[in-house]
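Asker: Structure: entry.cif, mmCIF, C-alpha atoms and all ligand atoms.
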```
data_my_file
#
loop_
_atom_site.group_PDB
_atom_site.id
_atom_site.type_symbol
_atom_site.label_atom_id
_atom_site.label_comp_id
_atom_site.auth_asym_id
_atom_site.auth_seq_id
_atom_site.Cartn_x
_atom_site.Cartn_y
_atom_site.Cartn_z
ATOM 1 C CA MET E 1 -19.586 43.330 -5.274
ATOM 2 C CA ILE E 2 -18.790 45.241 -2.112
ATOM 3 C CA PRO E 3 -16.759 42.950 0.191
ATOM 4 C CA ALA E 4 -18.348 42.228 3.580
ATOM 5 C CA PHE E 5 -15.127 42.666 5.530
ATOM 6 C CA ASP E 6 -11.407 43.280 5.165
ATOM 7 C CA PRO E 7 -8.740 40.600 4.683
ATOM 8 C CA PHE E 8 -6.932 39.534 7.851
ATOM 9 C CA THR E 9 -3.970 37.395 8.840
ATOM 10 C CA THR E 10 -3.500 35.316 11.973
ATOM 11 C CA GLN E 11 -0.103 34.063 13.086
ATOM 12 C CA MET E 12 -0.304 30.432 14.216
ATOM 13 C CA ASN E 13 2.311 28.750 16.386
ATOM 14 C CA LEU E 14 2.685 25.415 14.588
ATOM 15 C CA ALA E 15 3.896 23.623 17.720
ATOM 16 C CA THR E 16 1.263 24.815 20.185
ATOM 17 C CA GLY E 17 -1.610 25.885 17.915
ATOM 18 C CA LEU E 18 -1.823 29.230 19.727
ATOM 19 C CA LEU E 19 -2.947 32.186 17.636
ATOM 20 C CA ASP E 20 -1.696 35.759 17.539
ATOM 21 C CA PRO E 21 -3.823 37.793 17.903
ATOM 22 C CA GLU E 22 -5.689 35.553 20.349
ATOM 23 C CA ARG E 23 -9.052 34.327 19.050
ATOM 24 C CA GLU E 24 -12.372 33.390 20.599
ATOM 25 C CA THR E 25 -11.848 30.033 22.297
ATOM 26 C CA THR E 26 -14.292 27.323 23.365
ATOM 27 C CA ARG E 27 -13.163 24.857 26.031
ATOM 28 C CA GLN E 28 -14.296 21.332 26.902
ATOM 29 C CA HIS E 29 -13.328 20.125 30.356
ATOM 30 C CA LEU E 30 -13.712 16.516 31.438
ATOM 31 C CA SER E 31 -16.927 17.341 33.323
ATOM 32 C CA ASP E 32 -18.411 18.607 30.014
ATOM 33 C CA MET E 33 -17.825 15.174 28.445
ATOM 34 C CA GLN E 34 -20.066 13.034 30.637
ATOM 35 C CA GLY E 35 -21.747 10.455 28.395
ATOM 36 C CA TRP E 36 -19.278 10.765 25.546
ATOM 37 C CA TYR E 37 -16.895 8.017 26.717
ATOM 38 C CA ALA E 38 -17.703 4.329 27.130
ATOM 39 C CA GLU E 39 -16.847 4.604 30.839
ATOM 40 C CA THR E 40 -18.482 7.029 33.238
ATOM 41 C CA VAL E 41 -16.433 10.202 33.519
ATOM 42 C CA ASP E 42 -15.128 10.728 37.031
ATOM 43 C CA ALA E 43 -14.137 14.404 36.923
ATOM 44 C CA ASP E 44 -12.700 15.161 40.341
ATOM 45 C CA ASP E 45 -11.922 18.683 41.552
ATOM 46 C CA SER E 46 -9.035 18.994 39.103
ATOM 47 C CA ASP E 47 -11.523 18.675 36.174
ATOM 48 C CA PRO E 48 -8.799 18.782 33.479
ATOM 49 C CA LEU E 49 -9.141 20.620 30.216
ATOM 50 C CA VAL E 50 -9.649 18.063 27.407
ATOM 51 C CA TYR E 51 -9.623 20.354 24.377
ATOM 52 C CA ARG E 52 -9.832 23.917 23.117
ATOM 53 C CA VAL E 53 -11.035 25.255 19.781
ATOM 54 C CA LEU E 54 -9.597 28.627 18.711
ATOM 55 C CA HIS E 55 -11.955 30.155 16.155
ATOM 56 C CA MET E 56 -11.123 32.607 13.384
ATOM 57 C CA PRO E 57 -13.687 35.435 13.207
ATOM 58 C CA VAL E 58 -15.605 34.468 10.053
ATOM 59 C CA PRO E 59 -19.395 34.705 9.525
ATOM 60 C CA GLU E 60 -21.250 31.354 9.367
ATOM 61 C CA GLU E 61 -22.292 31.694 5.736
ATOM 62 C CA ASN E 62 -21.690 29.320 2.882
ATOM 63 C CA SER E 63 -19.803 31.995 0.987
ATOM 64 C CA GLU E 64 -17.150 31.980 3.722
ATOM 65 C CA ILE E 65 -14.646 29.403 4.984
ATOM 66 C CA GLN E 66 -14.828 28.737 8.714
ATOM 67 C CA CYS E 67 -11.459 27.899 10.248
ATOM 68 C CA SER E 68 -10.029 27.085 13.636
ATOM 69 C CA THR E 69 -7.285 25.257 15.446
ATOM 70 C CA THR E 70 -8.010 22.513 17.962
ATOM 71 C CA VAL E 71 -5.639 21.657 20.803
ATOM 72 C CA LEU E 72 -6.509 18.245 22.288
ATOM 73 C CA GLU E 73 -4.642 17.319 25.469
ATOM 74 C CA PRO E 74 -3.166 13.865 26.157
ATOM 75 C CA GLY E 75 -5.043 11.687 28.628
ATOM 76 C CA ALA E 76 -7.608 8.910 28.886
ATOM 77 C CA VAL E 77 -10.884 7.872 30.471
ATOM 78 C CA GLY E 78 -10.264 4.227 31.340
ATOM 79 C CA ARG E 79 -8.566 2.832 28.204
ATOM 80 C CA GLU E 80 -10.232 5.375 25.908
ATOM 81 C CA TYR E 81 -7.934 8.223 24.874
ATOM 82 C CA PHE E 82 -8.976 11.869 25.230
ATOM 83 C CA MET E 83 -10.990 12.835 22.165
ATOM 84 C CA THR E 84 -13.299 15.477 20.739
ATOM 85 C CA ARG E 85 -17.043 14.859 20.942
ATOM 86 C CA GLY E 86 -17.312 14.426 17.177
ATOM 87 C CA HIS E 87 -20.216 15.469 14.985
ATOM 88 C CA PHE E 88 -21.950 15.340 11.647
ATOM 89 C CA HIS E 89 -22.349 18.682 9.950
ATOM 90 C CA GLU E 90 -25.919 19.849 10.332
ATOM 91 C CA VAL E 91 -25.988 20.489 6.586
ATOM 92 C CA ARG E 92 -24.887 16.928 5.844
ATOM 93 C CA ASP E 93 -23.133 17.473 2.540
ATOM 94 C CA ARG E 94 -20.729 20.101 3.891
ATOM 95 C CA SER E 95 -17.094 19.036 3.738
ATOM 96 C CA GLU E 96 -13.999 19.895 5.780
ATOM 97 C CA VAL E 97 -10.191 19.686 5.685
ATOM 98 C CA TYR E 98 -7.998 18.942 8.718
ATOM 99 C CA ILE E 99 -4.225 19.582 8.699
ATOM 100 C CA GLY E 100 -2.148 17.920 11.414
ATOM 101 C CA LEU E 101 0.341 20.307 13.053
ATOM 102 C CA ALA E 102 1.684 18.652 16.225
ATOM 103 C CA GLY E 103 1.271 15.498 18.280
ATOM 104 C CA GLU E 104 -0.008 12.071 17.296
ATOM 105 C CA GLY E 105 -3.672 11.437 16.703
ATOM 106 C CA ARG E 106 -6.322 9.526 14.849
ATOM 107 C CA LEU E 107 -9.239 10.871 12.869
ATOM 108 C CA VAL E 108 -12.266 8.596 13.187
ATOM 109 C CA LEU E 109 -14.877 8.977 10.439
ATOM 110 C CA ALA E 110 -18.291 7.323 10.163
ATOM 111 C CA THR E 111 -21.359 7.440 7.943
ATOM 112 C CA GLU E 112 -24.948 7.275 9.141
ATOM 113 C CA ASP E 113 -25.250 3.743 7.726
ATOM 114 C CA GLY E 114 -22.376 2.514 9.896
ATOM 115 C CA ARG E 115 -19.294 2.557 7.680
ATOM 116 C CA HIS E 116 -16.125 3.793 9.366
ATOM 117 C CA VAL E 117 -12.541 4.810 8.506
ATOM 118 C CA VAL E 118 -9.658 5.642 10.877
ATOM 119 C CA GLU E 119 -6.881 7.880 9.522
ATOM 120 C CA PRO E 120 -3.592 8.958 11.136
ATOM 121 C CA LEU E 121 -3.631 12.648 12.147
ATOM 122 C CA VAL E 122 0.039 13.602 12.445
ATOM 123 C CA PRO E 123 2.098 16.681 11.498
ATOM 124 C CA GLY E 124 1.700 17.319 7.772
ATOM 125 C CA ALA E 125 -1.336 15.049 7.299
ATOM 126 C CA VAL E 126 -3.994 16.747 5.184
ATOM 127 C CA CYS E 127 -7.217 14.836 5.845
ATOM 128 C CA TYR E 128 -10.204 15.461 3.583
ATOM 129 C CA ILE E 129 -13.592 14.875 5.233
ATOM 130 C CA PRO E 130 -16.286 14.581 2.553
ATOM 131 C CA GLY E 131 -19.875 15.571 3.288
ATOM 132 C CA GLY E 132 -21.878 12.893 5.127
ATOM 133 C CA TRP E 133 -18.970 11.650 7.285
ATOM 134 C CA ALA E 134 -19.093 12.311 11.023
ATOM 135 C CA HIS E 135 -15.640 13.084 12.419
ATOM 136 C CA ARG E 136 -13.895 12.817 15.780
ATOM 137 C CA THR E 137 -10.219 13.224 16.688
ATOM 138 C CA VAL E 138 -8.363 11.162 19.284
ATOM 139 C CA ASN E 139 -5.012 11.984 20.926
ATOM 140 C CA VAL E 140 -3.028 8.729 21.081
ATOM 141 C CA GLY E 141 0.258 10.397 22.077
ATOM 142 C CA ASP E 142 1.855 11.987 25.148
ATOM 143 C CA GLU E 143 1.826 15.567 23.821
ATOM 144 C CA PRO E 144 -1.047 17.885 22.840
ATOM 145 C CA LEU E 145 -2.553 17.051 19.442
ATOM 146 C CA VAL E 146 -2.827 20.229 17.372
ATOM 147 C CA PHE E 147 -4.655 20.510 14.046
ATOM 148 C CA PHE E 148 -6.092 23.178 11.794
ATOM 149 C CA ALA E 149 -9.606 22.798 10.358
ATOM 150 C CA ALA E 150 -11.320 24.627 7.491
ATOM 151 C CA PHE E 151 -14.915 23.957 6.459
ATOM 152 C CA VAL E 152 -17.850 25.359 4.510
ATOM 153 C CA GLY E 153 -19.217 28.295 6.475
ATOM 154 C CA ASP E 154 -22.863 27.276 6.856
ATOM 155 C CA ALA E 155 -22.092 23.624 7.779
ATOM 156 C CA GLY E 156 -23.344 23.820 11.377
ATOM 157 C CA HIS E 157 -22.691 21.064 13.937
ATOM 158 C CA ASP E 158 -25.008 18.164 14.802
ATOM 159 C CA TYR E 159 -23.726 16.691 18.080
ATOM 160 C CA GLY E 160 -27.017 15.032 19.043
ATOM 161 C CA THR E 161 -26.798 12.166 16.546
ATOM 162 C CA ILE E 162 -23.351 11.117 17.796
ATOM 163 C CA GLU E 163 -24.300 11.677 21.439
ATOM 164 C CA LYS E 164 -27.156 9.228 20.919
ATOM 165 C CA GLN E 165 -25.614 6.561 18.666
ATOM 166 C CA GLY E 166 -21.833 6.961 19.148
ATOM 167 C CA PHE E 167 -19.208 5.967 16.579
ATOM 168 C CA PRO E 168 -18.985 2.338 15.354
ATOM 169 C CA VAL E 169 -15.438 2.067 16.786
ATOM 170 C CA LEU E 170 -13.435 3.361 19.752
ATOM 171 C CA VAL E 171 -9.690 4.081 19.871
ATOM 172 C CA VAL E 172 -8.254 2.627 23.081
ATOM 173 C CA ALA E 173 -4.840 2.037 24.641
ATOM 174 C CA GLY E 174 -3.810 -1.589 24.069
ATOM 175 C CA ASP E 175 -0.758 -3.486 25.337
ATOM 176 C CA ASP E 176 1.213 -2.545 22.206
ATOM 177 C CA GLY E 177 -0.220 0.922 21.551
ATOM 178 C CA PRO E 178 -3.461 2.309 20.165
ATOM 179 C CA GLU E 179 -6.132 -0.190 19.082
ATOM 180 C CA VAL E 180 -9.349 0.343 17.162
ATOM 181 C CA VAL E 181 -12.091 -1.781 18.720
ATOM 182 C CA PRO E 182 -15.839 -2.110 18.073
ATOM 183 C CA ASN E 183 -17.924 0.247 20.218
ATOM 184 C CA PRO E 184 -20.179 -1.940 22.381
ATOM 185 C CA GLY E 185 -22.474 1.069 22.894
ATOM 186 C CA TYR E 186 -22.919 1.797 19.175
ATOM 187 C CA ASP E 187 -26.606 2.221 18.432
ATOM 188 C CA THR E 188 -27.571 2.183 14.726
HETATM 189 C C1 LIG T 1 -13.581 21.065 14.239
HETATM 190 C C2 LIG T 1 -14.184 20.620 15.581
HETATM 191 C C3 LIG T 1 -13.213 20.684 16.765
HETATM 192 C C4 LIG T 1 -13.856 20.203 18.088
HETATM 193 O O1 LIG T 1 -13.269 22.416 14.255
HETATM 194 O O2 LIG T 1 -15.333 21.400 15.842
HETATM 195 O O3 LIG T 1 -12.087 19.887 16.509
HETATM 196 O O4 LIG T 1 -14.565 18.999 17.943
HETATM 197 P P1 LIG T 1 -16.128 18.924 18.262
HETATM 198 O O5 LIG T 1 -16.774 20.067 17.507
HETATM 199 O O6 LIG T 1 -16.555 17.597 17.747
HETATM 200 O O7 LIG T 1 -16.315 19.104 19.730
HETATM 201 C C5 LIG T 1 -14.636 20.734 13.193
HETATM 202 O O8 LIG T 1 -14.745 19.598 12.790
HETATM 203 N N1 LIG T 1 -15.458 21.708 12.805
HETATM 204 O O9 LIG T 1 -16.452 21.455 11.897
HETATM 205 ZN ZN ZN T 2 -16.599 19.407 11.472
#
```
Would you write out, as structure tokens, the structure that this file holds?
Answerer:
Amino acid sequence: MIPAFDPFTTQMNLATGLLDPERETTRQHLSDMQGWYAETVDADDSDPLVYRVLHMPVPEENSEIQCSTTVLEPGAVGREYFMTRGHFHEVRDRSEVYIGLAGEGRLVLATEDGRHVVEPLVPGAVCYIPGGWAHRTVNVGDEPLVFFAAFVGDAGHDYGTIEKQGFPVLVVAGDDGPEVVPNPGYDT
């Protein structure tokens, strides 16, 4: 076969997640997250950055491996920690691997029939996300949560299902640290 493109290397700062050379970056500010938290988002003029995804330049084909780093800032909306929106893969059986690099987080996973699992996402954690499991990350610490993700290239992202039904559980700040509680807004 004639290869589609040349090999490339990206230098990743394991503490900050920043890439050299810099890569295409998508950003979610608090005002972009209206409707994703249990409480109404009150994004004042400061409208803080919640997370960034730094994408490697790879075609979205199932013969390729999409990869990126996510940097999720510390913070909360009410008692609910800053988090990613979370999604199913559009092609449901497409799997993914997350590797924790910095900070302290949780990976919340859920199936369409309402099962859920919450895993620690900490430096060195290699979390395998099988096909069919929606996934969301939550920063439960005081520092940015940084993780690397690699997934099947044609997976695609279905945000609409989670936007509508939510996850079965929320991760919130309790008196003695993070707590996993049922999501009162979960809609099966
Ligand atoms: C990750 C996520 C990233 C941002 O790369 O896309 O952490 O989260 P949302 O996409 O839910 O906003 C991944 O799971 N890719 O498939
Ligand atoms: Zn994914």
Asker: Here's the selection I'm unsure about, the PyMOL selection byres (((not hetatm)) within 9 of (chain T and resi 2)); applied to the file above, which residues does it give, as a PyMOL selection string?
Answerer: chain E and resi 86-89+94-97+129+134-136+149-151+155-157
Asker: Just want the 8 Å neighbourhood of E:Ala102, counted on only C-alpha atoms, with same-chain residues fewer than 2 positions away dropped. Output as a PyMOL selection string.
Answerer: chain E and resi 14-16+100+104+122-123+144-147
Asker: If you apply the PyMOL selection byres (((chain E and resi 107) around 6) and not hetatm) to this file, what residues do you get, as a list of chain:residue names?
Answerer: E:Arg106, E:Val108, E:Val118, E:Glu119, E:Leu121, E:Arg136, E:Thr137
Asker: Enumerate, as a list in words, the protein, DNA and RNA residues whose atoms approach (-11.5, 26.2, 7.6) to within 10 Å, taking into account all atoms listed in the file and the coordinate frame of the file.
Answerer: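 Neighbouring residues, ordered by chain and number, come to His55, Met56, Val58, Glu64, Ile65, Gln66, Cys67, Ser68, Thr69, Ser95, Glu96, Val97, Tyr98, Ile99, Phe148, Ala149, Ala150, Phe151, Val152 and Gly153 of chain E.
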Asker: Write out as AutoDock Vina command-line options an axis-aligned box for stretch 85-104 of chain E: all of its atoms listed in the file, 5 Å added on each side, centre and edge lengths in Å with one decimal.
Answerer:
```
--center_x -12.2 --center_y 16.3 --center_z 11.7 --size_x 37.7 --size_y 18.4 --size_z 28.4
```
Asker: Between atom CA of E:Arg27 and atom N1 of ligand LIG 1 (chain T), what is the distance, to one decimal in Å?
Answerer: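 These two atoms are separated by 13.8 Å.
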Asker: Report the distance between atom CA of E:Trp133 and atom C3 of ligand LIG 1 (chain T) in Å, rounded to one decimal place.
Answerer: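 Computing it gives 14.3 Å between the two atoms.
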Asker: Using the chain letters and residue numbers of this document, give as an mmCIF file with C-alpha atoms, in the frame of the given file the residues selected by the PyMOL selection byres (((chain E and resi 132) around 6) and not hetatm).
Answerer:
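Result file follows (selection-v5.cif):
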```cif
data_model
loop_
_atom_site.group_PDB
_atom_site.id
_atom_site.type_symbol
_atom_site.label_atom_id
_atom_site.label_comp_id
_atom_site.auth_asym_id
_atom_site.auth_seq_id
_atom_site.Cartn_x
_atom_site.Cartn_y
_atom_site.Cartn_z
ATOM 1 C CA ARG E 92 -24.887 16.928 5.844
ATOM 2 C CA ASP E 93 -23.133 17.473 2.540
ATOM 3 C CA GLY E 131 -19.875 15.571 3.288
ATOM 4 C CA TRP E 133 -18.970 11.650 7.285
#
```
Asker: Counting only C-alpha atoms and all ligand atoms, which residue out of E:Val71, E:Leu101, E:Ala4, E:Val41 sits closest to ligand LIG 1 (chain T)?
Answerer: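 Going through E:Val71, E:Leu101, E:Ala4, E:Val41 one by one, the smallest distance to ligand LIG 1 (chain T) is for E:Val71.
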